>>> print(open('input.pdb').read())   # PDB, C-alpha atoms
ATOM      1  CA  MET J  22       0.000   0.000   0.000
ATOM      2  CA  LEU J  23       2.865   2.379   0.782
ATOM      3  CA  LEU J  24       6.003   2.603  -1.335
ATOM      4  CA  SER J  25       8.792   5.061  -0.590
ATOM      5  CA  ARG J  26      12.241   5.688  -1.996
ATOM      6  CA  ARG J  27      15.117   8.108  -1.640
ATOM      7  CA  PRO J  28      15.977   9.749  -4.971
ATOM      8  CA  GLY J  29      19.459   9.766  -6.404
ATOM      9  CA  LEU J  30      21.503  12.717  -7.627
ATOM     10  CA  PRO J  31      20.923  15.527  -8.309
ATOM     11  CA  LEU J  32      17.958  15.410  -5.893
ATOM     12  CA  THR J  33      19.738  13.736  -2.965
ATOM     13  CA  PRO J  34      20.766  16.967  -1.153
ATOM     14  CA  TYR J  35      17.267  18.420  -1.489
ATOM     15  CA  VAL J  36      14.719  15.598  -1.205
ATOM     16  CA  GLU J  37      14.442  13.100   1.651
ATOM     17  CA  CYS J  38      11.986  10.792  -0.066
ATOM     18  CA  ILE J  39       9.216  10.407  -2.624
ATOM     19  CA  TRP J  40       6.324   8.177  -1.614
ATOM     20  CA  HIS J  41       3.260   6.553  -3.149
ATOM     21  CA  TYR J  42       0.197   5.280  -1.307
ATOM     22  CA  GLU J  43      -2.758   3.441  -2.772
ATOM     23  CA  SER J  44      -5.610   1.725  -0.958
ATOM     24  CA  GLY J  45      -7.677  -1.099  -2.409
ATOM     25  CA  ALA J  46     -10.805   0.544  -0.986
ATOM     26  CA  PRO J  47     -11.632   3.861   0.707
ATOM     27  CA  LEU J  48     -10.733   3.867   4.410
ATOM     28  CA  GLU J  49     -12.760   5.290   7.262
ATOM     29  CA  GLY J  50     -11.607   7.551  10.068
ATOM     30  CA  ARG J  51      -9.115  10.337  10.498
ATOM     31  CA  ASP J  52      -5.429  10.775  11.327
ATOM     32  CA  ARG J  53      -3.848  13.557  13.307
ATOM     33  CA  VAL J  54      -0.572  14.441  11.551
ATOM     34  CA  LEU J  55       2.101  16.014  13.731
ATOM     35  CA  PRO J  56       4.393  18.810  12.480
ATOM     36  CA  ASP J  57       7.759  17.435  11.360
ATOM     37  CA  GLY J  58       9.767  20.516  10.304
ATOM     38  CA  ARG J  59       9.600  19.651   6.606
ATOM     39  CA  PHE J  60       8.121  21.037   3.388
ATOM     40  CA  HIS J  61       5.787  18.580   1.629
ATOM     41  CA  LEU J  62       4.426  18.303  -1.892
ATOM     42  CA  MET J  63       1.100  16.436  -1.799
ATOM     43  CA  LEU J  64      -0.510  14.921  -4.905
ATOM     44  CA  ASN J  65      -4.028  13.508  -4.607
ATOM     45  CA  LEU J  66      -4.374  11.526  -7.818
ATOM     46  CA  ASP J  67      -7.951  10.439  -7.195
ATOM     47  CA  ALA J  68      -9.168  14.004  -6.602
ATOM     48  CA  GLY J  69      -6.848  15.542  -9.206
ATOM     49  CA  VAL J  70      -5.413  18.177  -6.875
ATOM     50  CA  ALA J  71      -1.923  19.012  -5.627
ATOM     51  CA  ALA J  72      -0.573  21.357  -2.963
ATOM     52  CA  VAL J  73       2.625  22.535  -1.320
ATOM     53  CA  ALA J  74       2.581  22.464   2.478
ATOM     54  CA  GLY J  75       5.143  24.542   4.331
ATOM     55  CA  LEU J  76       6.503  24.083   7.827
ATOM     56  CA  ARG J  77       3.739  23.746  10.390
ATOM     57  CA  SER J  78       3.721  24.727  14.050
ATOM     58  CA  HIS J  79       0.655  22.648  14.916
ATOM     59  CA  HIS J  80      -1.009  19.384  13.899
ATOM     60  CA  VAL J  81      -3.529  18.882  11.094
ATOM     61  CA  VAL J  82      -6.293  16.285  10.805
ATOM     62  CA  VAL J  83      -6.691  14.376   7.540
ATOM     63  CA  ASP J  84      -9.660  12.295   6.415
ATOM     64  CA  ARG J  85      -8.422   8.842   5.388
ATOM     65  CA  ALA J  86     -11.407   8.406   3.064
ATOM     66  CA  ARG J  87      -9.869  11.105   0.846
ATOM     67  CA  MET J  88      -6.471   9.388   0.775
ATOM     68  CA  PHE J  89      -7.406   6.712  -1.750
ATOM     69  CA  SER J  90      -4.537   7.292  -4.191
ATOM     70  CA  VAL J  91      -1.933   9.838  -3.114
ATOM     71  CA  MET J  92       1.735  10.677  -3.545
ATOM     72  CA  GLY J  93       4.075  12.983  -1.719
ATOM     73  CA  VAL J  94       7.538  14.506  -1.625
ATOM     74  CA  VAL J  95       9.367  15.260   1.622
ATOM     75  CA  PHE J  96      12.007  17.987   1.217
ATOM     76  CA  ARG J  97      15.089  18.372   3.362
ATOM     77  CA  PRO J  98      15.163  21.359   5.749
ATOM     78  CA  GLY J  99      16.089  24.546   3.909
ATOM     79  CA  ALA J 100      15.912  22.888   0.469
ATOM     80  CA  ALA J 101      12.429  23.922  -0.681
ATOM     81  CA  ARG J 102      13.642  27.077  -2.428
ATOM     82  CA  ALA J 103      15.310  24.903  -5.054
ATOM     83  CA  PHE J 104      11.770  24.154  -6.297
ATOM     84  CA  PHE J 105       9.524  27.044  -5.180
ATOM     85  CA  ALA J 106      10.370  30.652  -5.945
ATOM     86  CA  ALA J 107       8.515  32.308  -3.060
ATOM     87  CA  PRO J 108      10.246  32.691   0.329
ATOM     88  CA  ALA J 109       9.763  29.590   2.466
ATOM     89  CA  VAL J 110       8.109  31.598   5.232
ATOM     90  CA  ASP J 111       5.234  32.432   2.852
ATOM     91  CA  PHE J 112       4.161  28.768   3.109
ATOM     92  CA  ARG J 113       4.253  28.535   6.903
ATOM     93  CA  ASP J 114       1.148  26.822   8.315
ATOM     94  CA  ARG J 115      -0.385  26.846   4.839
ATOM     95  CA  ALA J 116      -1.121  24.433   2.021
ATOM     96  CA  VAL J 117      -0.857  26.322  -1.284
ATOM     97  CA  ARG J 118      -2.307  24.875  -4.485
ATOM     98  CA  LEU J 119       0.461  23.710  -6.801
ATOM     99  CA  ASP J 120      -1.021  25.510  -9.810
ATOM    100  CA  LEU J 121      -0.469  28.819  -7.977
ATOM    101  CA  VAL J 122       3.196  27.931  -7.503
ATOM    102  CA  TRP J 123       4.201  26.081 -10.679
ATOM    103  CA  GLY J 124       1.409  27.214 -12.995
ATOM    104  CA  LEU J 125      -1.797  25.518 -14.075
ATOM    105  CA  GLU J 126      -0.272  23.879 -17.153
ATOM    106  CA  SER J 127       2.642  22.312 -15.255
ATOM    107  CA  GLU J 128       0.351  20.962 -12.527
ATOM    108  CA  ALA J 129      -2.159  19.521 -15.014
ATOM    109  CA  GLN J 130       0.596  17.863 -17.063
ATOM    110  CA  LEU J 131       2.135  16.245 -13.975
ATOM    111  CA  LEU J 132      -1.188  14.922 -12.657
ATOM    112  CA  ASP J 133      -2.185  13.592 -16.084
ATOM    113  CA  GLN J 134       1.117  11.718 -16.457
ATOM    114  CA  LEU J 135       0.752  10.195 -12.996
ATOM    115  CA  ARG J 136      -2.810   9.011 -13.555
ATOM    116  CA  GLU J 137      -1.875   7.473 -16.915
ATOM    117  CA  ALA J 138       1.152   5.628 -15.508
ATOM    118  CA  ARG J 139      -0.774   3.454 -12.998
ATOM    119  CA  ALA J 140       2.275   1.519 -11.692
ATOM    120  CA  ALA J 141       3.745   2.939  -8.486
ATOM    121  CA  GLU J 142       7.381   2.690  -9.618
ATOM    122  CA  ALA J 143       6.611   4.523 -12.844
ATOM    123  CA  ARG J 144       4.837   7.259 -10.912
ATOM    124  CA  LEU J 145       7.809   7.704  -8.584
ATOM    125  CA  ARG J 146      10.081   8.167 -11.603
ATOM    126  CA  ILE J 147       7.692  10.738 -13.098
ATOM    127  CA  VAL J 148       7.723  12.845  -9.913
ATOM    128  CA  GLU J 149      11.505  12.557  -9.707
ATOM    129  CA  SER J 150      11.866  13.799 -13.290
ATOM    130  CA  ALA J 151       9.477  16.692 -12.630
ATOM    131  CA  LEU J 152      11.539  17.801  -9.632
ATOM    132  CA  ILE J 153      14.793  17.654 -11.605
ATOM    133  CA  GLU J 154      13.230  19.700 -14.398
ATOM    134  CA  ARG J 155      12.050  22.297 -11.875
ATOM    135  CA  MET J 156      15.553  22.552 -10.373
ATOM    136  CA  GLN J 157      17.081  23.079 -13.791
ATOM    137  CA  ARG J 158      14.529  25.740 -14.633
ATOM    138  CA  PHE J 159      15.255  27.727 -11.462
ATOM    139  CA  GLY J 160      19.026  27.580 -11.912
ATOM    140  CA  GLN J 161      21.975  27.621  -9.533
ATOM    141  CA  LYS J 162      20.869  30.662  -7.532
ATOM    142  CA  HIS J 163      17.976  28.802  -5.931
ATOM    143  CA  LEU J 164      20.001  25.644  -5.334
ATOM    144  CA  GLU J 165      22.556  27.208  -3.023
ATOM    145  CA  ILE J 166      21.948  27.730   0.674
ATOM    146  CA  HIS J 167      24.241  30.114   2.550
ATOM    147  CA  PRO J 168      26.930  28.216   4.517
ATOM    148  CA  GLY J 169      25.859  30.062   7.667
ATOM    149  CA  LEU J 170      22.290  28.833   7.333
ATOM    150  CA  HIS J 171      23.485  25.318   6.548
ATOM    151  CA  TYR J 172      25.610  25.378   9.700
ATOM    152  CA  ALA J 173      22.656  26.644  11.755
ATOM    153  CA  LEU J 174      20.382  23.877  10.480
ATOM    154  CA  GLN J 175      22.937  21.186  11.259
ATOM    155  CA  THR J 176      23.507  22.628  14.727
ATOM    156  CA  PHE J 177      19.826  22.950  15.605
ATOM    157  CA  GLN J 178      19.063  19.420  14.396
ATOM    158  CA  SER J 179      21.694  17.847  16.617
ATOM    159  CA  ALA J 180      20.163  15.974  19.560
ATOM    160  CA  HIS J 181      23.472  15.928  21.405
ATOM    161  CA  GLU J 182      24.139  19.626  21.876
ATOM    162  CA  MET J 183      21.504  22.235  22.697
ATOM    163  CA  ARG J 184      22.501  25.628  21.291
ATOM    164  CA  THR J 185      20.656  28.923  21.546
ATOM    165  CA  VAL J 186      19.764  31.149  18.594
ATOM    166  CA  ALA J 187      21.973  33.915  19.999
ATOM    167  CA  GLU J 188      24.978  31.575  20.194
ATOM    168  CA  VAL J 189      24.596  30.351  16.636
ATOM    169  CA  SER J 190      24.032  33.833  15.200
ATOM    170  CA  ARG J 191      27.261  35.010  16.887
ATOM    171  CA  GLU J 192      29.180  32.016  15.517
ATOM    172  CA  ILE J 193      28.179  32.754  11.918
ATOM    173  CA  GLY J 194      28.814  36.480  12.358
ATOM    174  CA  TRP J 195      25.282  37.789  11.812
ATOM    175  CA  SER J 196      23.114  39.941  14.008
ATOM    176  CA  ARG J 197      20.309  37.994  15.632
ATOM    177  CA  ARG J 198      17.730  40.082  13.770
ATOM    178  CA  TRP J 199      19.263  39.447  10.338
ATOM    179  CA  PHE J 200      19.823  35.777  11.147
ATOM    180  CA  SER J 201      16.147  35.320  12.110
ATOM    181  CA  HIS J 202      15.013  37.043   8.900
ATOM    182  CA  ALA J 203      17.275  34.992   6.610
ATOM    183  CA  PHE J 204      16.481  31.737   8.394
ATOM    184  CA  ALA J 205      12.719  32.262   8.099
ATOM    185  CA  GLU J 206      13.008  33.195   4.418
ATOM    186  CA  HIS J 207      14.960  30.056   3.495
ATOM    187  CA  VAL J 208      13.738  27.483   6.039
ATOM    188  CA  GLY J 209      10.143  28.524   6.701
ATOM    189  CA  MET J 210       9.925  29.803  10.296
ATOM    190  CA  THR J 211      12.017  31.727  12.798
ATOM    191  CA  PRO J 212      14.996  29.881  14.278
ATOM    192  CA  LYS J 213      13.519  30.055  17.788
ATOM    193  CA  ARG J 214      10.292  28.313  16.746
ATOM    194  CA  TYR J 215      12.241  25.885  14.569
ATOM    195  CA  CYS J 216      14.359  24.869  17.572
ATOM    196  CA  ARG J 217      11.202  24.224  19.573
ATOM    197  CA  LEU J 218       9.855  22.073  16.737
ATOM    198  CA  VAL J 219      13.096  20.085  16.437
ATOM    199  CA  ARG J 220      13.084  19.473  20.187
ATOM    200  CA  PHE J 221       9.461  18.281  19.924
ATOM    201  CA  GLN J 222      10.371  15.879  17.108
ATOM    202  CA  HIS J 223      13.291  14.473  19.102
ATOM    203  CA  LEU J 224      10.794  13.809  21.877
ATOM    204  CA  VAL J 225       8.319  12.145  19.497
ATOM    205  CA  ARG J 226      11.028   9.780  18.239
ATOM    206  CA  GLN J 227      12.012   8.821  21.776
ATOM    207  CA  VAL J 228       8.451   8.286  22.982
ATOM    208  CA  ALA J 229       7.449   6.326  19.863
ATOM    209  CA  SER J 230      10.316   3.866  20.381
ATOM    210  CA  GLN J 231       9.437   3.018  24.008
ATOM    211  CA  GLU J 232       6.597   1.198  25.741
ATOM    212  CA  SER J 233       7.044   3.034  29.046
ATOM    213  CA  VAL J 234       8.648   6.436  29.562
ATOM    214  CA  ASP J 235      10.286   8.272  32.444
ATOM    215  CA  TRP J 236       9.013  11.764  31.656
ATOM    216  CA  ALA J 237      11.288  13.505  34.158
ATOM    217  CA  ASP J 238      14.373  11.922  32.557
ATOM    218  CA  LEU J 239      13.150  12.801  29.074
ATOM    219  CA  ALA J 240      12.539  16.403  30.104
ATOM    220  CA  LEU J 241      16.068  16.720  31.478
ATOM    221  CA  ALA J 242      17.735  15.024  28.504
ATOM    222  CA  GLY J 243      15.631  16.935  25.971
ATOM    223  CA  GLY J 244      16.488  20.417  27.201
ATOM    224  CA  PHE J 245      13.114  21.193  28.798
ATOM    225  CA  CYS J 246      12.968  23.210  32.027
ATOM    226  CA  ASP J 247      10.949  20.492  33.749
ATOM    227  CA  GLN J 248       8.249  17.901  33.132
ATOM    228  CA  ALA J 249       5.514  20.551  33.046
ATOM    229  CA  HIS J 250       7.417  22.403  30.287
ATOM    230  CA  LEU J 251       7.708  19.165  28.292
ATOM    231  CA  ILE J 252       3.959  18.516  28.542
ATOM    232  CA  HIS J 253       3.120  22.116  27.586
ATOM    233  CA  GLU J 254       5.331  21.977  24.472
ATOM    234  CA  PHE J 255       4.001  18.570  23.451
ATOM    235  CA  ARG J 256       0.426  19.836  23.685
ATOM    236  CA  ALA J 257       1.271  23.007  21.761
ATOM    237  CA  PHE J 258       2.507  21.051  18.731
ATOM    238  CA  SER J 259       0.373  17.894  18.860
ATOM    239  CA  GLY J 260      -2.874  18.943  20.552
ATOM    240  CA  PHE J 261      -2.739  16.226  23.197
ATOM    241  CA  SER J 262      -0.591  15.044  26.107
ATOM    242  CA  PRO J 263       2.512  12.864  25.647
ATOM    243  CA  GLU J 264       0.824  10.129  27.727
ATOM    244  CA  CYS J 265      -2.057  10.074  25.244
ATOM    245  CA  PHE J 266       0.387   9.863  22.335
ATOM    246  CA  LEU J 267       2.108   6.910  24.003
ATOM    247  CA  THR J 268      -1.129   4.910  24.201
ATOM    248  CA  CYS J 269      -2.695   5.910  20.843
ATOM    249  CA  GLU J 270      -2.587   3.861  17.661
ATOM    250  CA  ARG J 271       0.220   5.188  15.465
ATOM    251  CA  PRO J 272       0.399   3.686  11.955
ATOM    252  CA  TYR J 273       3.400   5.954  11.269
ATOM    253  CA  ARG J 274       5.528   7.934  13.700
ATOM    254  CA  ASN J 275       3.885  11.294  12.985
ATOM    255  CA  HIS J 276       0.379   9.907  12.379
ATOM    256  CA  VAL J 277      -2.051   9.264  15.245
ATOM    257  CA  ARG J 278      -5.432   7.625  14.721
ATOM    258  CA  VAL J 279      -8.167   9.830  16.197
ATOM    259  CA  ALA J 280     -11.322   8.183  14.819
TER     260      ALA J 280
END
>>> encode(input="input.pdb", output="structure tokens")
Amino acid sequence: MLLSRRPGLPLTPYVECIWHYESGAPLEGRDRVLPDGRFHLMLNLDAGVAAVAGLRSHHVVVDRARMFSVMGVVFRPGAARAFFAAPAVDFRDRAVRLDLVWGLESEAQLLDQLREARAAEARLRIVESALIERMQRFGQKHLEIHPGLHYALQTFQSAHEMRTVAEVSREIGWSRRWFSHAFAEHVGMTPKRYCRLVRFQHLVRQVASQESVDWADLALAGGFCDQAHLIHEFRAFSGFSPECFLTCERPYRNHVRVA
């Protein structure tokens, strides 16, 4: 039902994976999808619609009955501007129709090719080719990310060393104000909120891999002030408590069955 693959060069530095999902029959119920700090391209082949979803600071609920035949692209942090001309922050907490970003003709051509292909592997290759063509059309300017921003992303994503925004901005030689502006434009949200989201995702990975959890230890190891701070942050991003997440049905790490 679900097929996923990591693309080769030249997409490797920009795309984490391309996936294809098809159900033999419409499903019932809904999933709560947690924010993961990534840009997504969503292609609903059955409905004939496509959208670009930017970084989100809260969960969304999706109806599984509408996910009959869908595909998606997960972009690496800071890499979306290789494919979408608008600043990344313009997509924050939004899903923008692909025809408004790539043009109606390009969207229609891509969806038509995918529906005609039928086989999942062929569809994955079609999406991969479309992404390469879009990169080539934009040119080198959109492909490059400033070394300072690349360093900041790598630093913030590290689970082993908690660094503040002020520390990182000093290390790359930018003022905190300019650093926050540039980071939001290329990544999709301010560095402070992005750090909170990364810390939340580290917590999700740890909780999802365990049957029982010592919340006080997790709070200390995860850089939270205390257990109450951990619970508050988890609720802010997911909409429910970490205890509830631990006991819920989770078909995928960032998907929680709610009905």
>>> atom_distance(input="input.pdb", atom1="CA of Phe204 in chain J", atom2="CA of Glu154 in chain J")
26.0 Å
>>> closest_residue(input="input.pdb", among="J:Arg226, J:Pro212, J:Leu218, J:His167", to="Tyr273 in chain J", atoms="all atoms listed in the file")
J:Arg226
>>> resolve_selection(input="input.pdb", expression="the PyMOL selection byres ((chain J and resi 67) around 12)", output="ChimeraX atom specification")
/J:42-44,47,64-66,68-71,86-92,132-133,135-137,139
>>> atom_distance(input="input.pdb", atom1="CA of Gln248 in chain J", atom2="CA of Trp236 in chain J")
6.4 Å
>>> residues_around(input="input.pdb", residues="Phe177 in chain J", least_positions_apart="4", cutoff="7 Å", atoms="all atoms listed in the file", output="short mmCIF file (atom, residue, chain, number, x, y, z; two decimals) with C-alpha atoms, in the frame of the given file")
data_model
loop_
_atom_site.label_atom_id
_atom_site.label_comp_id
_atom_site.auth_asym_id
_atom_site.auth_seq_id
_atom_site.Cartn_x
_atom_site.Cartn_y
_atom_site.Cartn_z
CA ALA J 173 22.66 26.64 11.76
CA ARG J 184 22.50 25.63 21.29
CA CYS J 216 14.36 24.87 17.57
#
>>> resolve_selection(input="input.pdb", expression="the PyMOL selection byres ((chain J and resi 267-272) around 9)", output="list of chain:residue names")
J:Asp52, J:Val228, J:Ala229, J:Gln231, J:Glu232, J:Ser233, J:Val234, J:Ser262, J:Pro263, J:Glu264, J:Cys265, J:Phe266, J:Tyr273, J:Arg274, J:Asn275, J:His276, J:Val277, J:Arg278, J:Val279
>>> write_last_selection(input="input.pdb", atoms="C-alpha atoms", output="short mmCIF file (atom, residue, chain, number, x, y, z; two decimals), in the frame of the given file")
data_model
loop_
_atom_site.label_atom_id
_atom_site.label_comp_id
_atom_site.auth_asym_id
_atom_site.auth_seq_id
_atom_site.Cartn_x
_atom_site.Cartn_y
_atom_site.Cartn_z
CA ASP J 52 -5.43 10.78 11.33
CA VAL J 228 8.45 8.29 22.98
CA ALA J 229 7.45 6.33 19.86
CA GLN J 231 9.44 3.02 24.01
CA GLU J 232 6.60 1.20 25.74
CA SER J 233 7.04 3.03 29.05
CA VAL J 234 8.65 6.44 29.56
CA SER J 262 -0.59 15.04 26.11
CA PRO J 263 2.51 12.86 25.65
CA GLU J 264 0.82 10.13 27.73
CA CYS J 265 -2.06 10.07 25.24
CA PHE J 266 0.39 9.86 22.34
CA TYR J 273 3.40 5.95 11.27
CA ARG J 274 5.53 7.93 13.70
CA ASN J 275 3.88 11.29 12.98
CA HIS J 276 0.38 9.91 12.38
CA VAL J 277 -2.05 9.26 15.24
CA ARG J 278 -5.43 7.62 14.72
CA VAL J 279 -8.17 9.83 16.20
#
>>> atom_distance(input="input.pdb", atom1="CA of His171 in chain J", atom2="CA of Gln222 in chain J")
19.3 Å
>>> residues_around(input="input.pdb", residues="range 75-82 of chain J", least_positions_apart="3", cutoff="8 Å", atoms="only C-alpha atoms", output="PDB file with C-alpha atoms, keeping the file's coordinate frame")
ATOM      1  CA  ARG J  51      -9.115  10.337  10.498  1.00  0.00           C
ATOM      2  CA  ASP J  52      -5.429  10.775  11.327  1.00  0.00           C
ATOM      3  CA  ARG J  53      -3.848  13.557  13.307  1.00  0.00           C
ATOM      4  CA  VAL J  54      -0.572  14.441  11.551  1.00  0.00           C
ATOM      5  CA  LEU J  55       2.101  16.014  13.731  1.00  0.00           C
ATOM      6  CA  PRO J  56       4.393  18.810  12.480  1.00  0.00           C
ATOM      7  CA  ASP J  57       7.759  17.435  11.360  1.00  0.00           C
ATOM      8  CA  GLY J  58       9.767  20.516  10.304  1.00  0.00           C
ATOM      9  CA  ARG J  59       9.600  19.651   6.606  1.00  0.00           C
ATOM     10  CA  PHE J  60       8.121  21.037   3.388  1.00  0.00           C
ATOM     11  CA  HIS J  61       5.787  18.580   1.629  1.00  0.00           C
ATOM     12  CA  ALA J 109       9.763  29.590   2.466  1.00  0.00           C
ATOM     13  CA  VAL J 110       8.109  31.598   5.232  1.00  0.00           C
ATOM     14  CA  PHE J 112       4.161  28.768   3.109  1.00  0.00           C
ATOM     15  CA  ARG J 113       4.253  28.535   6.903  1.00  0.00           C
ATOM     16  CA  ASP J 114       1.148  26.822   8.315  1.00  0.00           C
ATOM     17  CA  ARG J 115      -0.385  26.846   4.839  1.00  0.00           C
ATOM     18  CA  ALA J 116      -1.121  24.433   2.021  1.00  0.00           C
ATOM     19  CA  GLY J 209      10.143  28.524   6.701  1.00  0.00           C
ATOM     20  CA  MET J 210       9.925  29.803  10.296  1.00  0.00           C
ATOM     21  CA  ARG J 214      10.292  28.313  16.746  1.00  0.00           C
ATOM     22  CA  LEU J 218       9.855  22.073  16.737  1.00  0.00           C
ATOM     23  CA  ALA J 257       1.271  23.007  21.761  1.00  0.00           C
ATOM     24  CA  PHE J 258       2.507  21.051  18.731  1.00  0.00           C
ATOM     25  CA  SER J 259       0.373  17.894  18.860  1.00  0.00           C
ATOM     26  CA  GLY J 260      -2.874  18.943  20.552  1.00  0.00           C
TER      27      GLY J 260
END
>>> closest_residue(input="input.pdb", among="J:Trp123, J:Glu149, J:Thr176, J:Met22", to="Val36 in chain J", atoms="only C-alpha atoms")
J:Glu149
